[in-house]
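The next block holds one structure in the form of structure tokens; read it before the comments.
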Amino acid sequence: MTVERLNPATMPPPVDDTKYSHVAIGRGSAVVAIAGQIANDANGDVVGIGDYEAQAEQAFRNFAAALAAAGAGPDDLIKNTIHVVGHRPELTESIFAAGRRAFGGNWPRSASTYLGVAALGHPDWLIEIDGIAVIS
């Protein structure tokens, strides 16, 4: 499986040039869809109630575990979406720092969308991450 990542010269450069690629083309034989991952631990308990960074790290850890369970890793990810309840610009860096920790510094450079949302499926959830990967 290969993933071709593009940032065409006809488009503006990615914001901060480290968080995503504008286009990701997966060339492989299986598509893996990762459902929205939230900050619940292995017992189903919410981690970090009220703490965006703690919730982001747990949600990214769950997301990485889901990729691994499918035989995929960060380099196989072609699209992800990060949903943040009540987003404010000052939250962005701590959320991405939590993601880098969860992925051991191997941040996925997929096509990516970061959304501020009004609410998620439970009042204690602040972060939800979903995505698509392609594997051989």
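Chain labels A, B, ... are given in the sequence in which chains occur in the structure tokens; within each chain residues are numbered consecutively from 1, and ligands are likewise numbered from 1 in the order shown.
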Would you write out, as a tab-separated table, a table of all residues in region 16-93 of chain A that have an atom no more than 7 Å from an atom of region 5-11 of chain A, listing for each the closest atom pair and the distance in Å to one decimal, considering only C-alpha atoms and ordering rows by chain and rising residue number?
residue	atom	partner	partner_atom	distance
A:Ser21	CA	A:Asn7	CA	5.9
A:His22	CA	A:Asn7	CA	5.4
A:Val23	CA	A:Leu6	CA	5.1
A:Ala24	CA	A:Arg5	CA	4.6
A:Ile25	CA	A:Arg5	CA	6.5
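Residues in contact with Ala102 (chain A) at up to 8 Å, not including ones fewer than 3 positions away on its chain and judged by only C-alpha atoms, are Glu57, Gln58, Phe60, Arg61, Ala64, Ala98, Gly99 and Gly105 of chain A.
Between CA of Gly48 (chain A) and CA of Ile95 (chain A) there is a distance of 13.0 Å.
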Write down as a PDB file with all heavy atoms, in the first residue's frame the residues of chain A whose backbone DSSP state falls under helix (DSSP H, G or I).
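part_36.pdb, written as the output of this step:
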ATOM      1  N   VAL A  15      -1.620  24.990   6.481  1.00  0.00           N
ATOM      2  CA  VAL A  15      -1.404  25.801   7.670  1.00  0.00           C
ATOM      3  C   VAL A  15      -0.323  25.136   8.514  1.00  0.00           C
ATOM      4  O   VAL A  15      -0.400  23.948   8.806  1.00  0.00           O
ATOM      5  CB  VAL A  15      -2.723  25.935   8.468  1.00  0.00           C
ATOM      6  CG1 VAL A  15      -2.492  26.707   9.757  1.00  0.00           C
ATOM      7  CG2 VAL A  15      -3.789  26.597   7.610  1.00  0.00           C
ATOM      8  N   ASP A  16       0.707  25.867   8.857  1.00  0.00           N
ATOM      9  CA  ASP A  16       1.804  25.381   9.696  1.00  0.00           C
ATOM     10  C   ASP A  16       2.616  24.277   9.028  1.00  0.00           C
ATOM     11  O   ASP A  16       3.568  23.785   9.597  1.00  0.00           O
ATOM     12  CB  ASP A  16       1.277  24.926  11.060  1.00  0.00           C
ATOM     13  CG  ASP A  16       2.360  24.824  12.116  1.00  0.00           C
ATOM     14  OD1 ASP A  16       3.425  25.460  11.951  1.00  0.00           O
ATOM     15  OD2 ASP A  16       2.148  24.103  13.098  1.00  0.00           O
ATOM     16  N   ASP A  17       2.246  23.845   7.826  1.00  0.00           N
ATOM     17  CA  ASP A  17       2.960  22.841   7.019  1.00  0.00           C
ATOM     18  C   ASP A  17       3.347  21.578   7.782  1.00  0.00           C
ATOM     19  O   ASP A  17       4.254  20.880   7.399  1.00  0.00           O
ATOM     20  CB  ASP A  17       4.185  23.455   6.352  1.00  0.00           C
ATOM     21  CG  ASP A  17       4.718  22.554   5.244  1.00  0.00           C
ATOM     22  OD1 ASP A  17       3.903  21.934   4.529  1.00  0.00           O
ATOM     23  OD2 ASP A  17       5.956  22.450   5.104  1.00  0.00           O
ATOM     24  N   TYR A  52      -9.526  19.681  27.707  1.00  0.00           N
ATOM     25  CA  TYR A  52      -9.398  19.440  26.273  1.00  0.00           C
ATOM     26  C   TYR A  52      -8.144  18.627  25.932  1.00  0.00           C
ATOM     27  O   TYR A  52      -8.201  17.700  25.130  1.00  0.00           O
ATOM     28  CB  TYR A  52      -9.360  20.764  25.503  1.00  0.00           C
ATOM     29  CG  TYR A  52     -10.707  21.398  25.340  1.00  0.00           C
ATOM     30  CD1 TYR A  52     -11.209  22.266  26.307  1.00  0.00           C
ATOM     31  CD2 TYR A  52     -11.489  21.152  24.220  1.00  0.00           C
ATOM     32  CE1 TYR A  52     -12.448  22.856  26.165  1.00  0.00           C
ATOM     33  CE2 TYR A  52     -12.734  21.739  24.067  1.00  0.00           C
ATOM     34  CZ  TYR A  52     -13.207  22.587  25.038  1.00  0.00           C
ATOM     35  OH  TYR A  52     -14.444  23.169  24.884  1.00  0.00           O
ATOM     36  N   GLU A  53      -7.014  18.980  26.509  1.00  0.00           N
ATOM     37  CA  GLU A  53      -5.772  18.293  26.159  1.00  0.00           C
ATOM     38  C   GLU A  53      -5.790  16.836  26.601  1.00  0.00           C
ATOM     39  O   GLU A  53      -5.389  15.938  25.851  1.00  0.00           O
ATOM     40  CB  GLU A  53      -4.571  19.019  26.750  1.00  0.00           C
ATOM     41  CG  GLU A  53      -3.253  18.494  26.214  1.00  0.00           C
ATOM     42  CD  GLU A  53      -2.085  19.414  26.504  1.00  0.00           C
ATOM     43  OE1 GLU A  53      -2.274  20.496  27.078  1.00  0.00           O
ATOM     44  OE2 GLU A  53      -0.958  19.038  26.141  1.00  0.00           O
ATOM     45  N   ALA A  54      -6.259  16.574  27.813  1.00  0.00           N
ATOM     46  CA  ALA A  54      -6.340  15.194  28.305  1.00  0.00           C
ATOM     47  C   ALA A  54      -7.307  14.379  27.442  1.00  0.00           C
ATOM     48  O   ALA A  54      -7.021  13.224  27.092  1.00  0.00           O
ATOM     49  CB  ALA A  54      -6.774  15.169  29.766  1.00  0.00           C
ATOM     50  N   GLN A  55      -8.434  14.977  27.078  1.00  0.00           N
ATOM     51  CA  GLN A  55      -9.383  14.258  26.239  1.00  0.00           C
ATOM     52  C   GLN A  55      -8.819  14.030  24.841  1.00  0.00           C
ATOM     53  O   GLN A  55      -9.004  12.961  24.259  1.00  0.00           O
ATOM     54  CB  GLN A  55     -10.719  14.999  26.171  1.00  0.00           C
ATOM     55  CG  GLN A  55     -11.496  14.863  27.457  1.00  0.00           C
ATOM     56  CD  GLN A  55     -12.984  14.966  27.257  1.00  0.00           C
ATOM     57  OE1 GLN A  55     -13.504  14.946  26.150  1.00  0.00           O
ATOM     58  NE2 GLN A  55     -13.704  15.073  28.373  1.00  0.00           N
ATOM     59  N   ALA A  56      -8.127  15.026  24.309  1.00  0.00           N
ATOM     60  CA  ALA A  56      -7.534  14.859  22.969  1.00  0.00           C
ATOM     61  C   ALA A  56      -6.524  13.723  22.982  1.00  0.00           C
ATOM     62  O   ALA A  56      -6.521  12.875  22.087  1.00  0.00           O
ATOM     63  CB  ALA A  56      -6.874  16.163  22.518  1.00  0.00           C
ATOM     64  N   GLU A  57      -5.666  13.663  24.002  1.00  0.00           N
ATOM     65  CA  GLU A  57      -4.662  12.601  24.045  1.00  0.00           C
ATOM     66  C   GLU A  57      -5.316  11.228  24.116  1.00  0.00           C
ATOM     67  O   GLU A  57      -4.922  10.306  23.399  1.00  0.00           O
ATOM     68  CB  GLU A  57      -3.698  12.799  25.208  1.00  0.00           C
ATOM     69  CG  GLU A  57      -2.556  11.803  25.149  1.00  0.00           C
ATOM     70  CD  GLU A  57      -1.351  12.197  25.972  1.00  0.00           C
ATOM     71  OE1 GLU A  57      -1.283  13.335  26.477  1.00  0.00           O
ATOM     72  OE2 GLU A  57      -0.449  11.351  26.092  1.00  0.00           O
ATOM     73  N   GLN A  58      -6.352  11.075  24.948  1.00  0.00           N
ATOM     74  CA  GLN A  58      -7.025   9.771  25.034  1.00  0.00           C
ATOM     75  C   GLN A  58      -7.733   9.437  23.723  1.00  0.00           C
ATOM     76  O   GLN A  58      -7.669   8.295  23.250  1.00  0.00           O
ATOM     77  CB  GLN A  58      -8.033   9.762  26.188  1.00  0.00           C
ATOM     78  CG  GLN A  58      -8.722   8.419  26.369  1.00  0.00           C
ATOM     79  CD  GLN A  58      -7.761   7.318  26.771  1.00  0.00           C
ATOM     80  OE1 GLN A  58      -6.946   7.498  27.663  1.00  0.00           O
ATOM     81  NE2 GLN A  58      -7.837   6.170  26.112  1.00  0.00           N
ATOM     82  N   ALA A  59      -8.394  10.409  23.112  1.00  0.00           N
ATOM     83  CA  ALA A  59      -9.081  10.157  21.843  1.00  0.00           C
ATOM     84  C   ALA A  59      -8.077   9.774  20.752  1.00  0.00           C
ATOM     85  O   ALA A  59      -8.324   8.840  19.977  1.00  0.00           O
ATOM     86  CB  ALA A  59      -9.893  11.384  21.423  1.00  0.00           C
ATOM     87  N   PHE A  60      -6.938  10.460  20.694  1.00  0.00           N
ATOM     88  CA  PHE A  60      -5.904  10.101  19.716  1.00  0.00           C
ATOM     89  C   PHE A  60      -5.312   8.729  20.018  1.00  0.00           C
ATOM     90  O   PHE A  60      -5.005   7.968  19.104  1.00  0.00           O
ATOM     91  CB  PHE A  60      -4.797  11.154  19.656  1.00  0.00           C
ATOM     92  CG  PHE A  60      -5.122  12.329  18.788  1.00  0.00           C
ATOM     93  CD1 PHE A  60      -5.292  13.585  19.343  1.00  0.00           C
ATOM     94  CD2 PHE A  60      -5.244  12.201  17.413  1.00  0.00           C
ATOM     95  CE1 PHE A  60      -5.579  14.688  18.546  1.00  0.00           C
ATOM     96  CE2 PHE A  60      -5.527  13.287  16.605  1.00  0.00           C
ATOM     97  CZ  PHE A  60      -5.698  14.541  17.174  1.00  0.00           C
ATOM     98  N   ARG A  61      -5.138   8.387  21.296  1.00  0.00           N
ATOM     99  CA  ARG A  61      -4.651   7.040  21.652  1.00  0.00           C
ATOM    100  C   ARG A  61      -5.648   5.979  21.184  1.00  0.00           C
ATOM    101  O   ARG A  61      -5.264   4.942  20.641  1.00  0.00           O
ATOM    102  CB  ARG A  61      -4.409   6.922  23.154  1.00  0.00           C
ATOM    103  CG  ARG A  61      -3.185   7.663  23.633  1.00  0.00           C
ATOM    104  CD  ARG A  61      -2.869   7.354  25.095  1.00  0.00           C
ATOM    105  NE  ARG A  61      -1.829   8.234  25.585  1.00  0.00           N
ATOM    106  CZ  ARG A  61      -0.543   8.140  25.267  1.00  0.00           C
ATOM    107  NH1 ARG A  61      -0.142   7.192  24.441  1.00  0.00           N
ATOM    108  NH2 ARG A  61       0.341   8.988  25.754  1.00  0.00           N
ATOM    109  N   ASN A  62      -6.930   6.226  21.399  1.00  0.00           N
ATOM    110  CA  ASN A  62      -7.957   5.297  20.926  1.00  0.00           C
ATOM    111  C   ASN A  62      -7.932   5.199  19.403  1.00  0.00           C
ATOM    112  O   ASN A  62      -8.064   4.108  18.839  1.00  0.00           O
ATOM    113  CB  ASN A  62      -9.342   5.733  21.409  1.00  0.00           C
ATOM    114  CG  ASN A  62      -9.507   5.610  22.911  1.00  0.00           C
ATOM    115  OD1 ASN A  62      -8.732   4.950  23.591  1.00  0.00           O
ATOM    116  ND2 ASN A  62     -10.517   6.282  23.440  1.00  0.00           N
ATOM    117  N   PHE A  63      -7.759   6.327  18.744  1.00  0.00           N
ATOM    118  CA  PHE A  63      -7.706   6.355  17.282  1.00  0.00           C
ATOM    119  C   PHE A  63      -6.502   5.548  16.783  1.00  0.00           C
ATOM    120  O   PHE A  63      -6.633   4.728  15.869  1.00  0.00           O
ATOM    121  CB  PHE A  63      -7.633   7.812  16.802  1.00  0.00           C
ATOM    122  CG  PHE A  63      -7.778   7.967  15.327  1.00  0.00           C
ATOM    123  CD1 PHE A  63      -9.024   7.957  14.724  1.00  0.00           C
ATOM    124  CD2 PHE A  63      -6.660   8.127  14.520  1.00  0.00           C
ATOM    125  CE1 PHE A  63      -9.162   8.108  13.358  1.00  0.00           C
ATOM    126  CE2 PHE A  63      -6.787   8.276  13.156  1.00  0.00           C
ATOM    127  CZ  PHE A  63      -8.042   8.261  12.563  1.00  0.00           C
ATOM    128  N   ALA A  64      -5.336   5.755  17.398  1.00  0.00           N
ATOM    129  CA  ALA A  64      -4.133   5.006  17.017  1.00  0.00           C
ATOM    130  C   ALA A  64      -4.328   3.515  17.263  1.00  0.00           C
ATOM    131  O   ALA A  64      -3.897   2.680  16.458  1.00  0.00           O
ATOM    132  CB  ALA A  64      -2.915   5.537  17.787  1.00  0.00           C
ATOM    133  N   ALA A  65      -4.988   3.156  18.363  1.00  0.00           N
ATOM    134  CA  ALA A  65      -5.252   1.742  18.667  1.00  0.00           C
ATOM    135  C   ALA A  65      -6.188   1.133  17.630  1.00  0.00           C
ATOM    136  O   ALA A  65      -6.022  -0.025  17.232  1.00  0.00           O
ATOM    137  CB  ALA A  65      -5.838   1.603  20.070  1.00  0.00           C
ATOM    138  N   ALA A  66      -7.171   1.903  17.184  1.00  0.00           N
ATOM    139  CA  ALA A  66      -8.091   1.409  16.150  1.00  0.00           C
ATOM    140  C   ALA A  66      -7.341   1.176  14.839  1.00  0.00           C
ATOM    141  O   ALA A  66      -7.548   0.152  14.170  1.00  0.00           O
ATOM    142  CB  ALA A  66      -9.243   2.395  15.946  1.00  0.00           C
ATOM    143  N   LEU A  67      -6.464   2.101  14.475  1.00  0.00           N
ATOM    144  CA  LEU A  67      -5.637   1.903  13.276  1.00  0.00           C
ATOM    145  C   LEU A  67      -4.809   0.628  13.408  1.00  0.00           C
ATOM    146  O   LEU A  67      -4.771  -0.197  12.494  1.00  0.00           O
ATOM    147  CB  LEU A  67      -4.700   3.092  13.048  1.00  0.00           C
ATOM    148  CG  LEU A  67      -5.283   4.364  12.459  1.00  0.00           C
ATOM    149  CD1 LEU A  67      -4.258   5.481  12.509  1.00  0.00           C
ATOM    150  CD2 LEU A  67      -5.747   4.134  11.030  1.00  0.00           C
ATOM    151  N   ALA A  68      -4.141   0.471  14.556  1.00  0.00           N
ATOM    152  CA  ALA A  68      -3.285  -0.698  14.773  1.00  0.00           C
ATOM    153  C   ALA A  68      -4.091  -1.994  14.717  1.00  0.00           C
ATOM    154  O   ALA A  68      -3.631  -2.996  14.157  1.00  0.00           O
ATOM    155  CB  ALA A  68      -2.559  -0.577  16.117  1.00  0.00           C
ATOM    156  N   ALA A  69      -5.307  -1.988  15.265  1.00  0.00           N
ATOM    157  CA  ALA A  69      -6.147  -3.188  15.243  1.00  0.00           C
ATOM    158  C   ALA A  69      -6.487  -3.605  13.818  1.00  0.00           C
ATOM    159  O   ALA A  69      -6.688  -4.795  13.545  1.00  0.00           O
ATOM    160  CB  ALA A  69      -7.429  -2.948  16.034  1.00  0.00           C
ATOM    161  N   PRO A  74      -0.093   5.359  11.216  1.00  0.00           N
ATOM    162  CA  PRO A  74      -0.286   6.749  10.811  1.00  0.00           C
ATOM    163  C   PRO A  74      -0.002   6.998   9.332  1.00  0.00           C
ATOM    164  O   PRO A  74      -0.666   7.820   8.712  1.00  0.00           O
ATOM    165  CB  PRO A  74       0.694   7.527  11.687  1.00  0.00           C
ATOM    166  CG  PRO A  74       1.068   6.631  12.792  1.00  0.00           C
ATOM    167  CD  PRO A  74       0.842   5.228  12.336  1.00  0.00           C
ATOM    168  N   ASP A  75       0.949   6.277   8.759  1.00  0.00           N
ATOM    169  CA  ASP A  75       1.282   6.487   7.352  1.00  0.00           C
ATOM    170  C   ASP A  75       0.221   5.952   6.398  1.00  0.00           C
ATOM    171  O   ASP A  75       0.229   6.284   5.216  1.00  0.00           O
ATOM    172  CB  ASP A  75       2.636   5.855   7.019  1.00  0.00           C
ATOM    173  CG  ASP A  75       3.783   6.572   7.712  1.00  0.00           C
ATOM    174  OD1 ASP A  75       3.626   7.758   8.064  1.00  0.00           O
ATOM    175  OD2 ASP A  75       4.837   5.936   7.894  1.00  0.00           O
ATOM    176  N   ASP A  76      -0.698   5.136   6.893  1.00  0.00           N
ATOM    177  CA  ASP A  76      -1.776   4.586   6.065  1.00  0.00           C
ATOM    178  C   ASP A  76      -3.031   5.455   6.081  1.00  0.00           C
ATOM    179  O   ASP A  76      -3.947   5.244   5.298  1.00  0.00           O
ATOM    180  CB  ASP A  76      -2.143   3.182   6.548  1.00  0.00           C
ATOM    181  CG  ASP A  76      -0.967   2.235   6.485  1.00  0.00           C
ATOM    182  OD1 ASP A  76      -0.301   2.189   5.435  1.00  0.00           O
ATOM    183  OD2 ASP A  76      -0.699   1.552   7.492  1.00  0.00           O
ATOM    184  N   PRO A  89      -9.337  29.387  19.304  1.00  0.00           N
ATOM    185  CA  PRO A  89      -7.996  29.272  18.710  1.00  0.00           C
ATOM    186  C   PRO A  89      -6.906  28.838  19.694  1.00  0.00           C
ATOM    187  O   PRO A  89      -5.992  28.112  19.319  1.00  0.00           O
ATOM    188  CB  PRO A  89      -7.725  30.676  18.164  1.00  0.00           C
ATOM    189  CG  PRO A  89      -9.080  31.230  17.877  1.00  0.00           C
ATOM    190  CD  PRO A  89      -9.976  30.671  18.949  1.00  0.00           C
ATOM    191  N   GLU A  90      -7.012  29.227  20.938  1.00  0.00           N
ATOM    192  CA  GLU A  90      -5.963  28.866  21.903  1.00  0.00           C
ATOM    193  C   GLU A  90      -5.948  27.370  22.231  1.00  0.00           C
ATOM    194  O   GLU A  90      -4.996  26.877  22.839  1.00  0.00           O
ATOM    195  CB  GLU A  90      -6.077  29.694  23.185  1.00  0.00           C
ATOM    196  CG  GLU A  90      -7.354  29.505  23.965  1.00  0.00           C
ATOM    197  CD  GLU A  90      -8.471  30.479  23.578  1.00  0.00           C
ATOM    198  OE1 GLU A  90      -8.407  31.107  22.504  1.00  0.00           O
ATOM    199  OE2 GLU A  90      -9.425  30.587  24.365  1.00  0.00           O
ATOM    200  N   LEU A  91      -6.965  26.618  21.824  1.00  0.00           N
ATOM    201  CA  LEU A  91      -6.986  25.168  22.063  1.00  0.00           C
ATOM    202  C   LEU A  91      -6.172  24.387  21.034  1.00  0.00           C
ATOM    203  O   LEU A  91      -5.729  23.274  21.304  1.00  0.00           O
ATOM    204  CB  LEU A  91      -8.429  24.650  22.027  1.00  0.00           C
ATOM    205  CG  LEU A  91      -9.361  25.134  23.114  1.00  0.00           C
ATOM    206  CD1 LEU A  91     -10.787  24.673  22.825  1.00  0.00           C
ATOM    207  CD2 LEU A  91      -8.893  24.651  24.470  1.00  0.00           C
ATOM    208  N   THR A  92      -5.979  24.956  19.862  1.00  0.00           N
ATOM    209  CA  THR A  92      -5.410  24.213  18.740  1.00  0.00           C
ATOM    210  C   THR A  92      -4.072  23.567  19.067  1.00  0.00           C
ATOM    211  O   THR A  92      -3.899  22.365  18.868  1.00  0.00           O
ATOM    212  CB  THR A  92      -5.271  25.127  17.504  1.00  0.00           C
ATOM    213  OG1 THR A  92      -6.545  25.700  17.209  1.00  0.00           O
ATOM    214  CG2 THR A  92      -4.776  24.350  16.302  1.00  0.00           C
ATOM    215  N   GLU A  93      -3.115  24.323  19.550  1.00  0.00           N
ATOM    216  CA  GLU A  93      -1.775  23.761  19.756  1.00  0.00           C
ATOM    217  C   GLU A  93      -1.775  22.653  20.796  1.00  0.00           C
ATOM    218  O   GLU A  93      -1.108  21.636  20.614  1.00  0.00           O
ATOM    219  CB  GLU A  93      -0.768  24.841  20.130  1.00  0.00           C
ATOM    220  CG  GLU A  93       0.657  24.311  20.279  1.00  0.00           C
ATOM    221  CD  GLU A  93       1.131  23.391  19.140  1.00  0.00           C
ATOM    222  OE1 GLU A  93       0.865  23.689  17.957  1.00  0.00           O
ATOM    223  OE2 GLU A  93       1.766  22.348  19.434  1.00  0.00           O
ATOM    224  N   SER A  94      -2.536  22.807  21.884  1.00  0.00           N
ATOM    225  CA  SER A  94      -2.527  21.746  22.904  1.00  0.00           C
ATOM    226  C   SER A  94      -3.187  20.473  22.372  1.00  0.00           C
ATOM    227  O   SER A  94      -2.775  19.361  22.723  1.00  0.00           O
ATOM    228  CB  SER A  94      -3.201  22.217  24.197  1.00  0.00           C
ATOM    229  OG  SER A  94      -4.568  22.482  23.984  1.00  0.00           O
ATOM    230  N   ILE A  95      -4.177  20.600  21.516  1.00  0.00           N
ATOM    231  CA  ILE A  95      -4.820  19.426  20.925  1.00  0.00           C
ATOM    232  C   ILE A  95      -3.859  18.716  19.984  1.00  0.00           C
ATOM    233  O   ILE A  95      -3.712  17.490  20.023  1.00  0.00           O
ATOM    234  CB  ILE A  95      -6.142  19.822  20.240  1.00  0.00           C
ATOM    235  CG1 ILE A  95      -7.171  20.172  21.323  1.00  0.00           C
ATOM    236  CG2 ILE A  95      -6.645  18.714  19.318  1.00  0.00           C
ATOM    237  CD1 ILE A  95      -8.431  20.829  20.820  1.00  0.00           C
ATOM    238  N   PHE A  96      -3.133  19.472  19.147  1.00  0.00           N
ATOM    239  CA  PHE A  96      -2.163  18.839  18.260  1.00  0.00           C
ATOM    240  C   PHE A  96      -0.971  18.267  19.038  1.00  0.00           C
ATOM    241  O   PHE A  96      -0.445  17.214  18.683  1.00  0.00           O
ATOM    242  CB  PHE A  96      -1.693  19.800  17.165  1.00  0.00           C
ATOM    243  CG  PHE A  96      -2.694  19.928  16.050  1.00  0.00           C
ATOM    244  CD1 PHE A  96      -3.453  21.064  15.907  1.00  0.00           C
ATOM    245  CD2 PHE A  96      -2.884  18.885  15.157  1.00  0.00           C
ATOM    246  CE1 PHE A  96      -4.395  21.177  14.883  1.00  0.00           C
ATOM    247  CE2 PHE A  96      -3.819  18.982  14.135  1.00  0.00           C
ATOM    248  CZ  PHE A  96      -4.573  20.131  14.004  1.00  0.00           C
ATOM    249  N   ALA A  97      -0.568  18.922  20.121  1.00  0.00           N
ATOM    250  CA  ALA A  97       0.513  18.381  20.961  1.00  0.00           C
ATOM    251  C   ALA A  97       0.087  17.043  21.564  1.00  0.00           C
ATOM    252  O   ALA A  97       0.880  16.095  21.618  1.00  0.00           O
ATOM    253  CB  ALA A  97       0.882  19.373  22.062  1.00  0.00           C
ATOM    254  N   ALA A  98      -1.158  16.944  21.992  1.00  0.00           N
ATOM    255  CA  ALA A  98      -1.675  15.682  22.536  1.00  0.00           C
ATOM    256  C   ALA A  98      -1.655  14.603  21.467  1.00  0.00           C
ATOM    257  O   ALA A  98      -1.300  13.451  21.735  1.00  0.00           O
ATOM    258  CB  ALA A  98      -3.094  15.892  23.076  1.00  0.00           C
ATOM    259  N   GLY A  99      -2.018  14.952  20.246  1.00  0.00           N
ATOM    260  CA  GLY A  99      -1.981  13.995  19.143  1.00  0.00           C
ATOM    261  C   GLY A  99      -0.579  13.521  18.839  1.00  0.00           C
ATOM    262  O   GLY A  99      -0.343  12.327  18.613  1.00  0.00           O
ATOM    263  N   ARG A 100       0.384  14.448  18.846  1.00  0.00           N
ATOM    264  CA  ARG A 100       1.778  14.046  18.595  1.00  0.00           C
ATOM    265  C   ARG A 100       2.257  13.083  19.673  1.00  0.00           C
ATOM    266  O   ARG A 100       2.939  12.100  19.377  1.00  0.00           O
ATOM    267  CB  ARG A 100       2.675  15.287  18.514  1.00  0.00           C
ATOM    268  CG  ARG A 100       2.496  16.077  17.222  1.00  0.00           C
ATOM    269  CD  ARG A 100       3.528  17.174  17.060  1.00  0.00           C
ATOM    270  NE  ARG A 100       3.439  18.212  18.073  1.00  0.00           N
ATOM    271  CZ  ARG A 100       2.669  19.292  17.991  1.00  0.00           C
ATOM    272  NH1 ARG A 100       1.900  19.486  16.936  1.00  0.00           N
ATOM    273  NH2 ARG A 100       2.667  20.193  18.949  1.00  0.00           N
ATOM    274  N   ARG A 101       1.899  13.326  20.932  1.00  0.00           N
ATOM    275  CA  ARG A 101       2.278  12.399  22.015  1.00  0.00           C
ATOM    276  C   ARG A 101       1.633  11.037  21.790  1.00  0.00           C
ATOM    277  O   ARG A 101       2.289  10.003  21.926  1.00  0.00           O
ATOM    278  CB  ARG A 101       1.868  12.957  23.381  1.00  0.00           C
ATOM    279  CG  ARG A 101       2.755  14.077  23.870  1.00  0.00           C
ATOM    280  CD  ARG A 101       2.513  14.402  25.339  1.00  0.00           C
ATOM    281  NE  ARG A 101       1.136  14.727  25.666  1.00  0.00           N
ATOM    282  CZ  ARG A 101       0.573  15.928  25.535  1.00  0.00           C
ATOM    283  NH1 ARG A 101       1.284  16.941  25.060  1.00  0.00           N
ATOM    284  NH2 ARG A 101      -0.695  16.121  25.880  1.00  0.00           N
ATOM    285  N   ALA A 102       0.358  11.020  21.463  1.00  0.00           N
ATOM    286  CA  ALA A 102      -0.360   9.759  21.291  1.00  0.00           C
ATOM    287  C   ALA A 102       0.215   8.936  20.145  1.00  0.00           C
ATOM    288  O   ALA A 102       0.217   7.709  20.197  1.00  0.00           O
ATOM    289  CB  ALA A 102      -1.844  10.024  21.054  1.00  0.00           C
TER     290      ALA A 102
END
Distance criterion (only C-alpha atoms): nearest to Ile82 (chain A) out of A:Val46, A:Tyr20, A:Trp125, A:Gly36: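 So, comparing all the options, the nearest one is A:Gly36.
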Counting only C-alpha atoms, the residue of A:Ala72, A:Val31, A:Val84, A:Ala111 that sits nearest Glu4 (chain A): A:Ala111
Residue contacts of Ser112 (chain A) (6 Å, only C-alpha atoms) excluding same-chain residues fewer than 5 positions away, as a VMD selection string: chain A and resid 20 79 to 81
Length of the CA of His122 (chain A) to CA of Ala35 (chain A) vector [Å]: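 The value is 15.4 Å.
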Pairwise distance for CA of Ile135 (chain A) and CA of Asn43 (chain A), rounded to one decimal in Å: 29.0 Å
Let's see if you can do this: from backbone DSSP, list all strand (DSSP E or B) residues in region 57-89 of chain A, as a CSV table (one decimal) with C-alpha atoms, in the first residue's frame.
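Final file, result39.csv:
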chain,number,residue,atom,x,y,z
A,77,LEU,CA,-4.2,7.3,7.1
A,78,ILE,CA,-5.6,9.2,4.2
A,79,LYS,CA,-8.3,11.4,5.9
A,80,ASN,CA,-9.2,12.4,9.5
A,81,THR,CA,-11.5,14.8,11.1
A,82,ILE,CA,-11.1,16.3,14.5
A,83,HIS,CA,-14.3,17.6,16.2
A,84,VAL,CA,-13.8,20.0,19.1
A,85,VAL,CA,-16.7,21.2,21.2
